[in-house]
file structure-v8.pdb (PDB, C-alpha atoms)
ATOM      1  CA  MET A   1     -38.013  -8.492 -30.088
ATOM      2  CA  ARG A   2     -38.928  -9.709 -26.611
ATOM      3  CA  PRO A   3     -41.521 -12.469 -26.094
ATOM      4  CA  ASN A   4     -44.085 -12.268 -23.320
ATOM      5  CA  LEU A   5     -43.177 -14.891 -20.732
ATOM      6  CA  SER A   6     -45.957 -16.406 -18.681
ATOM      7  CA  LYS A   7     -45.906 -16.047 -14.893
ATOM      8  CA  GLY A   8     -43.104 -18.099 -13.379
ATOM      9  CA  GLU A   9     -41.585 -18.926 -16.779
ATOM     10  CA  SER A  10     -37.949 -17.851 -17.229
ATOM     11  CA  VAL A  11     -36.920 -19.559 -20.507
ATOM     12  CA  VAL A  12     -38.728 -19.724 -23.814
ATOM     13  CA  SER A  13     -37.986 -20.742 -27.362
ATOM     14  CA  VAL A  14     -39.098 -18.242 -29.990
ATOM     15  CA  ASP A  15     -40.448 -21.140 -32.053
ATOM     16  CA  GLU A  16     -43.060 -21.685 -29.311
ATOM     17  CA  VAL A  17     -44.428 -18.163 -29.049
ATOM     18  CA  VAL A  18     -44.035 -16.725 -32.555
ATOM     19  CA  ASP A  19     -45.657 -18.150 -35.681
ATOM     20  CA  ASP A  20     -42.957 -19.372 -38.050
ATOM     21  CA  ARG A  21     -44.406 -17.529 -41.073
ATOM     22  CA  GLN A  22     -44.838 -14.287 -39.147
ATOM     23  CA  TYR A  23     -41.303 -14.569 -37.822
ATOM     24  CA  ARG A  24     -39.849 -14.895 -41.308
ATOM     25  CA  ARG A  25     -41.834 -11.869 -42.518
ATOM     26  CA  SER A  26     -40.631  -9.720 -39.627
ATOM     27  CA  GLU A  27     -38.069  -6.956 -40.111
ATOM     28  CA  PHE A  28     -35.888  -8.545 -37.423
ATOM     29  CA  TYR A  29     -35.623 -11.751 -39.433
ATOM     30  CA  GLN A  30     -35.215 -10.048 -42.791
ATOM     31  CA  ASP A  31     -32.638  -7.474 -41.663
ATOM     32  CA  PHE A  32     -30.710  -9.425 -39.032
ATOM     33  CA  ALA A  33     -31.622 -13.005 -38.170
ATOM     34  CA  ARG A  34     -31.527 -14.502 -41.664
ATOM     35  CA  CYS A  35     -28.129 -13.061 -42.617
ATOM     36  CA  ASN A  36     -26.572 -13.895 -39.228
ATOM     37  CA  GLY A  37     -27.774 -17.454 -38.735
ATOM     38  CA  ARG A  38     -30.446 -16.558 -36.147
ATOM     39  CA  GLU A  39     -33.065 -18.967 -37.427
ATOM     40  CA  HIS A  40     -33.877 -20.378 -33.985
ATOM     41  CA  MET A  41     -33.612 -18.525 -30.672
ATOM     42  CA  MET A  42     -33.858 -19.423 -26.995
ATOM     43  CA  ILE A  43     -34.296 -16.590 -24.536
ATOM     44  CA  GLY A  44     -33.881 -16.660 -20.775
ATOM     45  CA  LEU A  45     -35.059 -13.924 -18.399
ATOM     46  CA  VAL A  46     -32.627 -13.712 -15.447
ATOM     47  CA  GLY A  47     -35.141 -12.038 -13.162
ATOM     48  CA  ASP A  48     -32.972  -9.284 -11.676
ATOM     49  CA  ASN A  49     -33.752  -5.600 -11.227
ATOM     50  CA  ASP A  50     -32.104  -4.758 -14.556
ATOM     51  CA  HIS A  51     -34.339  -7.232 -16.459
ATOM     52  CA  THR A  52     -31.272  -8.972 -17.870
ATOM     53  CA  ILE A  53     -31.901 -11.327 -20.797
ATOM     54  CA  MET A  54     -29.721 -14.170 -22.065
ATOM     55  CA  SER A  55     -30.161 -15.214 -25.703
ATOM     56  CA  PHE A  56     -28.879 -18.237 -27.635
ATOM     57  CA  PHE A  57     -29.084 -18.573 -31.409
ATOM     58  CA  ARG A  58     -28.476 -21.220 -34.016
ATOM     59  CA  GLU A  59     -29.483 -21.882 -37.607
ATOM     60  CA  ASP A  60     -29.899 -25.606 -38.176
ATOM     61  CA  ARG A  61     -32.476 -26.845 -35.629
ATOM     62  CA  PRO A  62     -34.867 -25.649 -32.908
ATOM     63  CA  PHE A  63     -33.885 -25.798 -29.253
ATOM     64  CA  ARG A  64     -35.122 -28.920 -27.489
ATOM     65  CA  PHE A  65     -37.002 -29.129 -24.213
ATOM     66  CA  GLU A  66     -33.916 -30.499 -22.422
ATOM     67  CA  GLU A  67     -31.898 -27.473 -23.515
ATOM     68  CA  ARG A  68     -34.572 -25.075 -22.325
ATOM     69  CA  ALA A  69     -34.770 -26.915 -18.981
ATOM     70  CA  ALA A  70     -30.993 -26.731 -18.553
ATOM     71  CA  LEU A  71     -31.061 -22.971 -19.149
ATOM     72  CA  ALA A  72     -33.982 -22.573 -16.734
ATOM     73  CA  ASN A  73     -31.969 -24.396 -14.037
ATOM     74  CA  LEU A  74     -29.050 -22.096 -14.719
ATOM     75  CA  MET A  75     -31.040 -18.864 -14.334
ATOM     76  CA  PRO A  76     -31.074 -18.722 -10.467
ATOM     77  CA  HIS A  77     -27.283 -19.197 -10.374
ATOM     78  CA  ILE A  78     -26.767 -16.425 -12.895
ATOM     79  CA  ARG A  79     -29.071 -14.177 -10.875
ATOM     80  CA  ARG A  80     -27.090 -14.848  -7.675
ATOM     81  CA  GLY A  81     -23.848 -14.234  -9.546
ATOM     82  CA  LEU A  82     -25.071 -10.863 -10.805
ATOM     83  CA  ARG A  83     -26.237  -9.898  -7.333
ATOM     84  CA  LEU A  84     -22.853 -10.867  -5.880
ATOM     85  CA  ARG A  85     -21.074  -8.821  -8.550
ATOM     86  CA  GLU A  86     -23.262  -5.815  -7.774
ATOM     87  CA  LYS A  87     -22.668  -6.180  -4.034
ATOM     88  CA  THR A  88     -18.918  -6.525  -4.561
ATOM     89  CA  PHE A  89     -18.896  -3.430  -6.749
ATOM     90  CA  GLN A  90     -20.817  -1.432  -4.146
ATOM     91  CA  GLU A  91     -18.484  -2.551  -1.345
ATOM     92  CA  GLU A  92     -15.432  -1.755  -3.446
ATOM     93  CA  GLN A  93     -16.818   1.666  -4.281
ATOM     94  CA  ALA A  94     -17.588   2.344  -0.603
ATOM     95  CA  SER A  95     -14.061   1.247   0.334
ATOM     96  CA  ARG A  96     -12.555   3.600  -2.237
ATOM     97  CA  LEU A  97     -14.638   6.475  -0.904
ATOM     98  CA  VAL A  98     -13.453   5.776   2.655
ATOM     99  CA  TYR A  99      -9.807   5.675   1.577
ATOM    100  CA  ALA A 100     -10.289   8.852  -0.452
ATOM    101  CA  ALA A 101     -11.723  10.560   2.622
ATOM    102  CA  PHE A 102      -8.762   9.432   4.756
ATOM    103  CA  GLU A 103      -6.348  10.576   2.077
ATOM    104  CA  ALA A 104      -7.951  14.015   1.964
ATOM    105  CA  LEU A 105      -7.591  14.585   5.715
ATOM    106  CA  PRO A 106      -4.769  16.931   6.713
ATOM    107  CA  GLY A 107      -3.687  14.770   9.674
ATOM    108  CA  ASN A 108      -1.494  11.675   9.881
ATOM    109  CA  ILE A 109      -4.040   8.866   9.536
ATOM    110  CA  LEU A 110      -3.281   5.151   9.763
ATOM    111  CA  VAL A 111      -5.336   1.986  10.026
ATOM    112  CA  VAL A 112      -3.576  -0.937  11.713
ATOM    113  CA  ASP A 113      -4.467  -4.427  12.846
ATOM    114  CA  ALA A 114      -4.024  -5.805  16.364
ATOM    115  CA  ASP A 115      -0.332  -6.524  15.682
ATOM    116  CA  CYS A 116       0.388  -3.007  14.362
ATOM    117  CA  ASN A 117       0.576  -4.151  10.755
ATOM    118  CA  VAL A 118      -0.379  -1.146   8.634
ATOM    119  CA  LEU A 119      -3.499  -1.716   6.562
ATOM    120  CA  PHE A 120      -3.637   1.876   5.315
ATOM    121  CA  ALA A 121      -1.615   5.056   5.742
ATOM    122  CA  ASN A 122      -2.535   8.314   4.064
ATOM    123  CA  GLY A 123       0.081  10.340   2.238
ATOM    124  CA  THR A 124       0.590  12.747   5.133
ATOM    125  CA  ALA A 125       1.320   9.912   7.575
ATOM    126  CA  THR A 126       3.661   8.195   5.126
ATOM    127  CA  GLU A 127       5.647  11.394   4.668
ATOM    128  CA  THR A 128       5.739  12.270   8.382
ATOM    129  CA  LEU A 129       6.738   8.821   9.618
ATOM    130  CA  SER A 130       9.512   8.502   7.037
ATOM    131  CA  ARG A 131      11.536  11.184   8.841
ATOM    132  CA  LYS A 132      14.554  10.034  10.819
ATOM    133  CA  GLY A 133      14.689  10.340  14.579
ATOM    134  CA  LEU A 134      10.988   9.775  15.293
ATOM    135  CA  PRO A 135       9.995   7.141  17.880
ATOM    136  CA  ILE A 136       7.411   5.862  15.369
ATOM    137  CA  SER A 137       8.206   4.765  11.832
ATOM    138  CA  LEU A 138       6.926   2.657   8.966
ATOM    139  CA  SER A 139       8.925  -0.386   7.919
ATOM    140  CA  THR A 140       8.283  -2.715   4.984
ATOM    141  CA  LEU A 141       8.983  -6.319   5.901
ATOM    142  CA  ALA A 142      10.959  -8.395   3.417
ATOM    143  CA  ALA A 143       8.664 -11.383   3.930
ATOM    144  CA  GLY A 144       5.343 -10.699   2.242
ATOM    145  CA  GLY A 145       6.030  -7.002   1.638
ATOM    146  CA  ARG A 146       3.788  -5.932   4.522
ATOM    147  CA  THR A 147       4.228  -2.544   6.167
ATOM    148  CA  ARG A 148       4.553  -2.545   9.939
ATOM    149  CA  LEU A 149       4.426   0.245  12.486
ATOM    150  CA  LEU A 150       7.693   0.257  14.428
ATOM    151  CA  LEU A 151       7.583   1.654  17.973
ATOM    152  CA  ASP A 152      10.334   2.100  20.508
ATOM    153  CA  ARG A 153      10.601   3.015  24.180
ATOM    154  CA  ARG A 154       8.202   2.265  26.979
ATOM    155  CA  GLU A 155       5.416   4.326  25.394
ATOM    156  CA  GLY A 156       5.614   2.054  22.345
ATOM    157  CA  ALA A 157       4.737  -0.964  24.475
ATOM    158  CA  ARG A 158       1.816   0.947  25.941
ATOM    159  CA  LEU A 159       0.549   1.902  22.494
ATOM    160  CA  ARG A 160       0.710  -1.745  21.396
ATOM    161  CA  GLU A 161      -1.422  -2.662  24.403
ATOM    162  CA  ILE A 162      -3.940   0.057  23.546
ATOM    163  CA  VAL A 163      -4.109  -1.082  19.910
ATOM    164  CA  GLN A 164      -4.722  -4.687  20.940
ATOM    165  CA  GLU A 165      -7.388  -3.695  23.480
ATOM    166  CA  THR A 166      -9.086  -1.413  20.949
ATOM    167  CA  SER A 167      -9.085  -4.111  18.268
ATOM    168  CA  LEU A 168     -10.900  -6.429  20.675
ATOM    169  CA  GLY A 169     -13.673  -3.958  21.407
ATOM    170  CA  GLY A 170     -12.012  -1.388  23.676
ATOM    171  CA  GLY A 171     -12.746   2.305  23.504
ATOM    172  CA  GLY A 172      -9.258   3.415  22.475
ATOM    173  CA  GLY A 173      -6.690   5.590  24.178
ATOM    174  CA  ALA A 174      -3.789   7.950  23.669
ATOM    175  CA  VAL A 175      -0.028   7.910  24.192
ATOM    176  CA  ARG A 176       2.468  10.766  24.062
ATOM    177  CA  PHE A 177       6.016  10.186  22.816
ATOM    178  CA  GLU A 178       8.933  12.514  23.524
ATOM    179  CA  TYR A 179      12.075  12.510  21.391
ATOM    180  CA  ASP A 180      15.094  14.642  20.609
ATOM    181  CA  ALA A 181      14.270  17.346  18.088
ATOM    182  CA  PRO A 182      17.509  19.012  16.934
ATOM    183  CA  GLN A 183      15.644  21.709  15.017
ATOM    184  CA  SER A 184      13.599  22.762  18.055
ATOM    185  CA  ASP A 185      14.542  24.418  21.340
ATOM    186  CA  ARG A 186      12.502  21.854  23.257
ATOM    187  CA  ALA A 187      11.892  18.113  23.108
ATOM    188  CA  GLY A 188       9.780  16.856  20.272
ATOM    189  CA  GLN A 189       6.403  15.333  21.109
ATOM    190  CA  LEU A 190       4.008  13.081  19.245
ATOM    191  CA  ALA A 191       0.487  12.346  20.414
ATOM    192  CA  VAL A 192      -0.906   9.064  19.079
ATOM    193  CA  ILE A 193      -4.648   8.481  19.435
ATOM    194  CA  ALA A 194      -6.110   5.008  18.916
ATOM    195  CA  SER A 195      -9.818   4.676  18.174
ATOM    196  CA  PRO A 196     -12.015   1.813  16.980
ATOM    197  CA  LEU A 197     -13.285   2.031  13.449
ATOM    198  CA  LEU A 198     -17.011   2.459  12.911
ATOM    199  CA  ALA A 199     -19.301  -0.492  13.477
ATOM    200  CA  GLY A 200     -19.371  -2.811  10.512
ATOM    201  CA  ALA A 201     -15.652  -2.585   9.767
ATOM    202  CA  THR A 202     -14.274  -5.754   8.204
ATOM    203  CA  GLU A 203     -12.646  -7.980  10.754
ATOM    204  CA  VAL A 204      -9.065  -9.093  10.273
ATOM    205  CA  ALA A 205      -8.018 -12.350  11.928
ATOM    206  CA  GLY A 206     -10.879 -12.065  14.405
ATOM    207  CA  ALA A 207     -10.020  -8.542  15.531
ATOM    208  CA  ALA A 208     -11.269  -5.213  14.182
ATOM    209  CA  PRO A 209      -8.855  -2.727  12.576
ATOM    210  CA  VAL A 210      -7.847   0.301  14.633
ATOM    211  CA  LEU A 211      -7.688   3.933  13.503
ATOM    212  CA  LEU A 212      -4.571   5.849  14.571
ATOM    213  CA  LEU A 213      -4.150   9.611  14.473
ATOM    214  CA  VAL A 214      -0.565  10.813  14.918
ATOM    215  CA  ASN A 215      -0.236  14.489  15.786
ATOM    216  CA  GLU A 216       2.978  16.467  16.246
ATOM    217  CA  LEU A 217       2.516  18.514  19.395
ATOM    218  CA  THR A 218       5.722  20.479  18.872
ATOM    219  CA  GLN A 219       4.691  21.402  15.333
ATOM    220  CA  PRO A 220       0.925  21.554  15.704
ATOM    221  CA  ARG A 221      -1.547  22.721  13.160
ATOM    222  CA  ALA A 222      -2.537  25.278  15.703
ATOM    223  CA  ALA A 223      -6.219  25.608  16.311
ATOM    224  CA  SER A 224      -7.217  29.186  17.027
ATOM    225  CA  PRO A 225      -8.012  29.891  20.695
ATOM    226  CA  SER A 226     -11.418  31.069  19.488
ATOM    227  CA  ILE A 227     -12.214  27.480  18.478
ATOM    228  CA  PHE A 228     -11.989  26.417  22.132
ATOM    229  CA  SER A 229     -14.210  29.307  23.117
ATOM    230  CA  ASP A 230     -16.787  28.393  20.469
ATOM    231  CA  LEU A 231     -16.773  24.683  21.223
ATOM    232  CA  PHE A 232     -16.395  24.640  25.000
ATOM    233  CA  GLY A 233     -17.369  28.113  26.167
ATOM    234  CA  LEU A 234     -13.859  29.079  27.306
ATOM    235  CA  SER A 235     -12.961  32.685  27.882
ATOM    236  CA  ALA A 236     -10.365  34.295  25.630
ATOM    237  CA  ALA A 237      -7.668  33.832  28.278
ATOM    238  CA  GLU A 238      -8.650  30.218  28.915
ATOM    239  CA  GLY A 239      -8.680  29.516  25.178
ATOM    240  CA  ALA A 240      -5.179  30.961  24.834
ATOM    241  CA  VAL A 241      -3.948  28.779  27.710
ATOM    242  CA  ALA A 242      -5.562  25.709  26.146
ATOM    243  CA  ALA A 243      -3.905  26.411  22.782
ATOM    244  CA  ALA A 244      -0.532  26.957  24.470
ATOM    245  CA  LEU A 245      -0.780  23.669  26.373
ATOM    246  CA  LEU A 246      -1.524  21.820  23.154
ATOM    247  CA  GLY A 247       1.555  23.460  21.672
ATOM    248  CA  GLY A 248       3.662  21.547  24.172
ATOM    249  CA  GLN A 249       4.273  24.352  26.675
ATOM    250  CA  THR A 250       4.346  23.711  30.401
ATOM    251  CA  ALA A 251       2.232  25.656  32.888
ATOM    252  CA  GLU A 252       5.364  27.519  33.979
ATOM    253  CA  ALA A 253       6.167  28.532  30.392
ATOM    254  CA  VAL A 254       2.588  29.673  29.801
ATOM    255  CA  ALA A 255       2.666  31.794  32.951
ATOM    256  CA  LYS A 256       5.929  33.402  31.875
ATOM    257  CA  ASP A 257       4.764  34.071  28.312
ATOM    258  CA  ARG A 258       1.466  35.569  29.493
ATOM    259  CA  SER A 259       3.052  37.519  32.370
ATOM    260  CA  VAL A 260       0.709  36.072  34.972
ATOM    261  CA  SER A 261       1.269  34.018  38.081
ATOM    262  CA  LEU A 262       1.625  30.254  37.985
ATOM    263  CA  ASP A 263      -1.385  29.922  40.305
ATOM    264  CA  THR A 264      -3.502  31.849  37.800
ATOM    265  CA  VAL A 265      -2.483  29.536  34.976
ATOM    266  CA  ARG A 266      -3.145  26.453  37.103
ATOM    267  CA  THR A 267      -6.607  27.771  37.947
ATOM    268  CA  GLN A 268      -7.255  28.365  34.240
ATOM    269  CA  ILE A 269      -6.063  24.830  33.436
ATOM    270  CA  ARG A 270      -8.520  23.367  35.951
ATOM    271  CA  THR A 271     -11.279  25.446  34.355
ATOM    272  CA  VAL A 272     -10.290  24.233  30.878
ATOM    273  CA  LEU A 273     -10.423  20.605  32.018
ATOM    274  CA  ARG A 274     -13.803  21.133  33.664
ATOM    275  CA  LYS A 275     -15.389  22.901  30.695
ATOM    276  CA  THR A 276     -14.072  20.368  28.174
ATOM    277  CA  ASP A 277     -14.999  17.389  30.392
ATOM    278  CA  ALA A 278     -11.401  16.151  30.148
ATOM    279  CA  ALA A 279     -10.332  13.827  32.956
ATOM    280  CA  ASN A 280      -6.774  15.174  32.982
ATOM    281  CA  LEU A 281      -4.220  16.894  30.780
ATOM    282  CA  ARG A 282      -3.507  13.706  28.860
ATOM    283  CA  ASP A 283      -7.197  13.374  28.046
ATOM    284  CA  PHE A 284      -7.325  17.022  27.006
ATOM    285  CA  GLU A 285      -4.271  16.528  24.779
ATOM    286  CA  ARG A 286      -6.074  13.657  23.098
ATOM    287  CA  MET A 287      -9.063  15.885  22.367
ATOM    288  CA  GLY A 288      -6.853  18.752  21.301
ATOM    289  CA  ALA A 289      -4.813  16.551  18.988
ATOM    290  CA  VAL A 290      -7.944  15.824  17.000
ATOM    291  CA  LEU A 291      -8.733  19.540  16.741
ATOM    292  CA  GLY A 292      -5.155  20.335  15.794
ATOM    293  CA  ALA A 293      -5.039  17.611  13.149
ATOM    294  CA  PHE A 294      -8.059  19.063  11.382
ATOM    295  CA  ALA A 295      -7.066  22.713  11.699
ATOM    296  CA  ARG A 296      -6.003  24.077   8.328
TER     297      ARG A 296
END

call {"tool": "encode", "arguments": {"input": "structure-v8.pdb", "output": "structure tokens"}}
result
Amino acid sequence: MRPNLSKGESVVSVDEVVDDRQYRRSEFYQDFARCNGREHMMIGLVGDNDHTIMSFFREDRPFRFEERAALANLMPHIRRGLRLREKTFQEEQASRLVYAAFEALPGNILVVDADCNVLFANGTATETLSRKGLPISLSTLAAGGRTRLLLDRREGARLREIVQETSLGGGGGAVRFEYDAPQSDRAGQLAVIASPLLAGATEVAGAAPVLLLVNELTQPRAASPSIFSDLFGLSAAEGAVAAALLGGQTAEAVAKDRSVSLDTVRTQIRTVLRKTDAANLRDFERMGAVLGAFAR
């Protein structure tokens, strides 16, 4: 049973809107209210989109005006509380969807703050950066249990600078690390790309979180040369050169493998940079690392 509230009225006592004799003859009273001590009721309409109702019951006496006024004063606070709960739920759900998307990506994805404290690392990144011998690793600090991104060498200092600049509104950047790779016939290489998160990301200590993509250039998820042709209009030969460069090969090695002159390869490299609008090879490696990270 729901009484009709007048315009602007949020709380009502059933005694005021329903005749006492009719109420006691009703099925609600006979089947429920009488046997459960619901002789007198006070109902408050919260006023939200779900038309939420609050009900109070007692058996011995009607609700007084002061009690109805107190409930009416409480209604706006309850409404704000419900709205806050709904907003929190929506934000939490959106956050879970974002993390799920990061977790599903095949690349090494991390989110760090300006001081390289790790806010999120997907499973692929956690597994990759737990290997020994890499110039980048994850370390859990004893104090507070936070995870921090540990970097060594001169490139590590440069990456810290890029992360700090990006967190303060910069456009991001990329750094390439070289390290000894005993299982490979050439030096290992990691490309680390720093990018700002999308607008609206929650700020941490006054600075926005930074998205990091770590790609192994010596063990790339090789993008097919045809991808470069489709995306940038490269010829088959230029696409093959682009893929080889992203695999960590030098121009000399590419020329030898393809049985062409070094000048030819250098000309093709200049064409690749021009067609992809890359400023230099480092910039092209940054673009290629993204393609390689998402190649399955």

call {"tool": "residues_around", "arguments": {"input": "structure-v8.pdb", "residues": "A:Phe63", "least_positions_apart": "3", "cutoff": "9 Å", "atoms": "all atoms listed in the file", "output": "ChimeraX atom specification"}}
result
/A:13,15,40-42,57-58,66-68

call {"tool": "closest_residue", "arguments": {"input": "structure-v8.pdb", "among": "A:Asp50, A:Asp283, A:Ala194, A:Glu238", "to": "A:Thr267", "atoms": "all atoms listed in the file"}}
result
A:Glu238

call {"tool": "atom_distance", "arguments": {"input": "structure-v8.pdb", "atom1": "atom CA of A:Ala187", "atom2": "atom CA of A:Pro135"}}
result
12.3 Å

call {"tool": "closest_residue", "arguments": {"input": "structure-v8.pdb", "among": "A:Val214, A:Arg79, A:Val265, A:Asp31", "to": "A:Ala125", "atoms": "only C-alpha atoms"}}
result
A:Val214

call {"tool": "residues_around", "arguments": {"input": "structure-v8.pdb", "residues": "A:Gly170", "least_positions_apart": "6", "cutoff": "9 Å", "atoms": "all atoms listed in the file", "output": "NGL selection string"}}
result
:A and (162-164 or 195-196)

call {"tool": "atom_distance", "arguments": {"input": "structure-v8.pdb", "atom1": "atom CA of A:Leu134", "atom2": "atom CA of A:Tyr179"}}
result
6.8 Å

call {"tool": "residues_around", "arguments": {"input": "structure-v8.pdb", "residues": "A:Thr166", "least_positions_apart": "5", "cutoff": "12 Å", "atoms": "all atoms listed in the file", "output": "ChimeraX atom specification"}}
result
/A:112-116,159-161,171-174,193-198,207-212

call {"tool": "write_last_selection", "arguments": {"input": "structure-v8.pdb", "atoms": "C-alpha atoms", "output": "mmCIF file, in the frame of the given file"}}
result
data_model
loop_
_atom_site.group_PDB
_atom_site.id
_atom_site.type_symbol
_atom_site.label_atom_id
_atom_site.label_comp_id
_atom_site.auth_asym_id
_atom_site.auth_seq_id
_atom_site.Cartn_x
_atom_site.Cartn_y
_atom_site.Cartn_z
ATOM 1 C CA VAL A 112 -3.576 -0.937 11.713
ATOM 2 C CA ASP A 113 -4.467 -4.427 12.846
ATOM 3 C CA ALA A 114 -4.024 -5.805 16.364
ATOM 4 C CA ASP A 115 -0.332 -6.524 15.682
ATOM 5 C CA CYS A 116 0.388 -3.007 14.362
ATOM 6 C CA LEU A 159 0.549 1.902 22.494
ATOM 7 C CA ARG A 160 0.710 -1.745 21.396
ATOM 8 C CA GLU A 161 -1.422 -2.662 24.403
ATOM 9 C CA GLY A 171 -12.746 2.305 23.504
ATOM 10 C CA GLY A 172 -9.258 3.415 22.475
ATOM 11 C CA GLY A 173 -6.690 5.590 24.178
ATOM 12 C CA ALA A 174 -3.789 7.950 23.669
ATOM 13 C CA ILE A 193 -4.648 8.481 19.435
ATOM 14 C CA ALA A 194 -6.110 5.008 18.916
ATOM 15 C CA SER A 195 -9.818 4.676 18.174
ATOM 16 C CA PRO A 196 -12.015 1.813 16.980
ATOM 17 C CA LEU A 197 -13.285 2.031 13.449
ATOM 18 C CA LEU A 198 -17.011 2.459 12.911
ATOM 19 C CA ALA A 207 -10.020 -8.542 15.531
ATOM 20 C CA ALA A 208 -11.269 -5.213 14.182
ATOM 21 C CA PRO A 209 -8.855 -2.727 12.576
ATOM 22 C CA VAL A 210 -7.847 0.301 14.633
ATOM 23 C CA LEU A 211 -7.688 3.933 13.503
ATOM 24 C CA LEU A 212 -4.571 5.849 14.571
#

call {"tool": "closest_residue", "arguments": {"input": "structure-v8.pdb", "among": "A:Lys132, A:Lys275, A:Arg282, A:Lys256", "to": "A:Ser229", "atoms": "all atoms listed in the file"}}
result
A:Lys275

call {"tool": "atom_distance", "arguments": {"input": "structure-v8.pdb", "atom1": "atom CA of A:Arg266", "atom2": "atom CA of A:Glu252"}}
result
9.1 Å

call {"tool": "residues_around", "arguments": {"input": "structure-v8.pdb", "residues": "A:Leu151", "least_positions_apart": "2", "cutoff": "9 Å", "atoms": "all atoms listed in the file", "output": "VMD selection string"}}
result
chain A and resid 135 to 137 149 153 155 to 157 159 to 160

call {"tool": "resolve_selection", "arguments": {"input": "structure-v8.pdb", "expression": "the PyMOL selection byres ((chain A and resi 118) around 6)", "output": "CSV table (one decimal) with C-alpha atoms, in the frame of the given file"}}
result
chain,number,residue,atom,x,y,z
A,112,VAL,CA,-3.6,-0.9,11.7
A,117,ASN,CA,0.6,-4.2,10.8
A,119,LEU,CA,-3.5,-1.7,6.6
A,120,PHE,CA,-3.6,1.9,5.3
A,147,THR,CA,4.2,-2.5,6.2
A,148,ARG,CA,4.6,-2.5,9.9

call {"tool": "residues_around", "arguments": {"input": "structure-v8.pdb", "residues": "A:Asn122", "least_positions_apart": "4", "cutoff": "8 Å", "atoms": "all atoms listed in the file", "output": "VMD selection string"}}
result
chain A and resid 102 to 103 108 to 110 126

call {"tool": "write_last_selection", "arguments": {"input": "structure-v8.pdb", "atoms": "C-alpha atoms", "output": "PDB file, keeping the file's coordinate frame"}}
result
ATOM      1  CA  PHE A 102      -8.762   9.432   4.756  1.00  0.00           C
ATOM      2  CA  GLU A 103      -6.348  10.576   2.077  1.00  0.00           C
ATOM      3  CA  ASN A 108      -1.494  11.675   9.881  1.00  0.00           C
ATOM      4  CA  ILE A 109      -4.040   8.866   9.536  1.00  0.00           C
ATOM      5  CA  LEU A 110      -3.281   5.151   9.763  1.00  0.00           C
ATOM      6  CA  THR A 126       3.661   8.195   5.126  1.00  0.00           C
TER       7      THR A 126
END

call {"tool": "residues_near_point", "arguments": {"input": "structure-v8.pdb", "point": "(-5.3, 32.9, 25.4)", "cutoff": "10 Å", "atoms": "all atoms listed in the file", "output": "PDB file with C-alpha atoms, in the frame of the given file"}}
result
ATOM      1  CA  SER A 224      -7.217  29.186  17.027  1.00  0.00           C
ATOM      2  CA  PRO A 225      -8.012  29.891  20.695  1.00  0.00           C
ATOM      3  CA  SER A 226     -11.418  31.069  19.488  1.00  0.00           C
ATOM      4  CA  PHE A 228     -11.989  26.417  22.132  1.00  0.00           C
ATOM      5  CA  SER A 229     -14.210  29.307  23.117  1.00  0.00           C
ATOM      6  CA  LEU A 234     -13.859  29.079  27.306  1.00  0.00           C
ATOM      7  CA  SER A 235     -12.961  32.685  27.882  1.00  0.00           C
ATOM      8  CA  ALA A 236     -10.365  34.295  25.630  1.00  0.00           C
ATOM      9  CA  ALA A 237      -7.668  33.832  28.278  1.00  0.00           C
ATOM     10  CA  GLU A 238      -8.650  30.218  28.915  1.00  0.00           C
ATOM     11  CA  GLY A 239      -8.680  29.516  25.178  1.00  0.00           C
ATOM     12  CA  ALA A 240      -5.179  30.961  24.834  1.00  0.00           C
ATOM     13  CA  VAL A 241      -3.948  28.779  27.710  1.00  0.00           C
ATOM     14  CA  ALA A 242      -5.562  25.709  26.146  1.00  0.00           C
ATOM     15  CA  ALA A 243      -3.905  26.411  22.782  1.00  0.00           C
ATOM     16  CA  ALA A 244      -0.532  26.957  24.470  1.00  0.00           C
ATOM     17  CA  VAL A 254       2.588  29.673  29.801  1.00  0.00           C
ATOM     18  CA  ARG A 258       1.466  35.569  29.493  1.00  0.00           C
TER      19      ARG A 258
END

call {"tool": "closest_residue", "arguments": {"input": "structure-v8.pdb", "among": "A:Leu281, A:Arg286, A:Ser26, A:Val192", "to": "A:Thr250", "atoms": "all atoms listed in the file"}}
result
A:Leu281

call {"tool": "closest_residue", "arguments": {"input": "structure-v8.pdb", "among": "A:Glu27, A:Gln22, A:Arg61, A:Glu91", "to": "A:Glu39", "atoms": "all atoms listed in the file"}}
result
A:Arg61

call {"tool": "closest_residue", "arguments": {"input": "structure-v8.pdb", "among": "A:Gly37, A:Gly44, A:Gly145, A:Gly133", "to": "A:Glu178", "atoms": "only C-alpha atoms"}}
result
A:Gly133
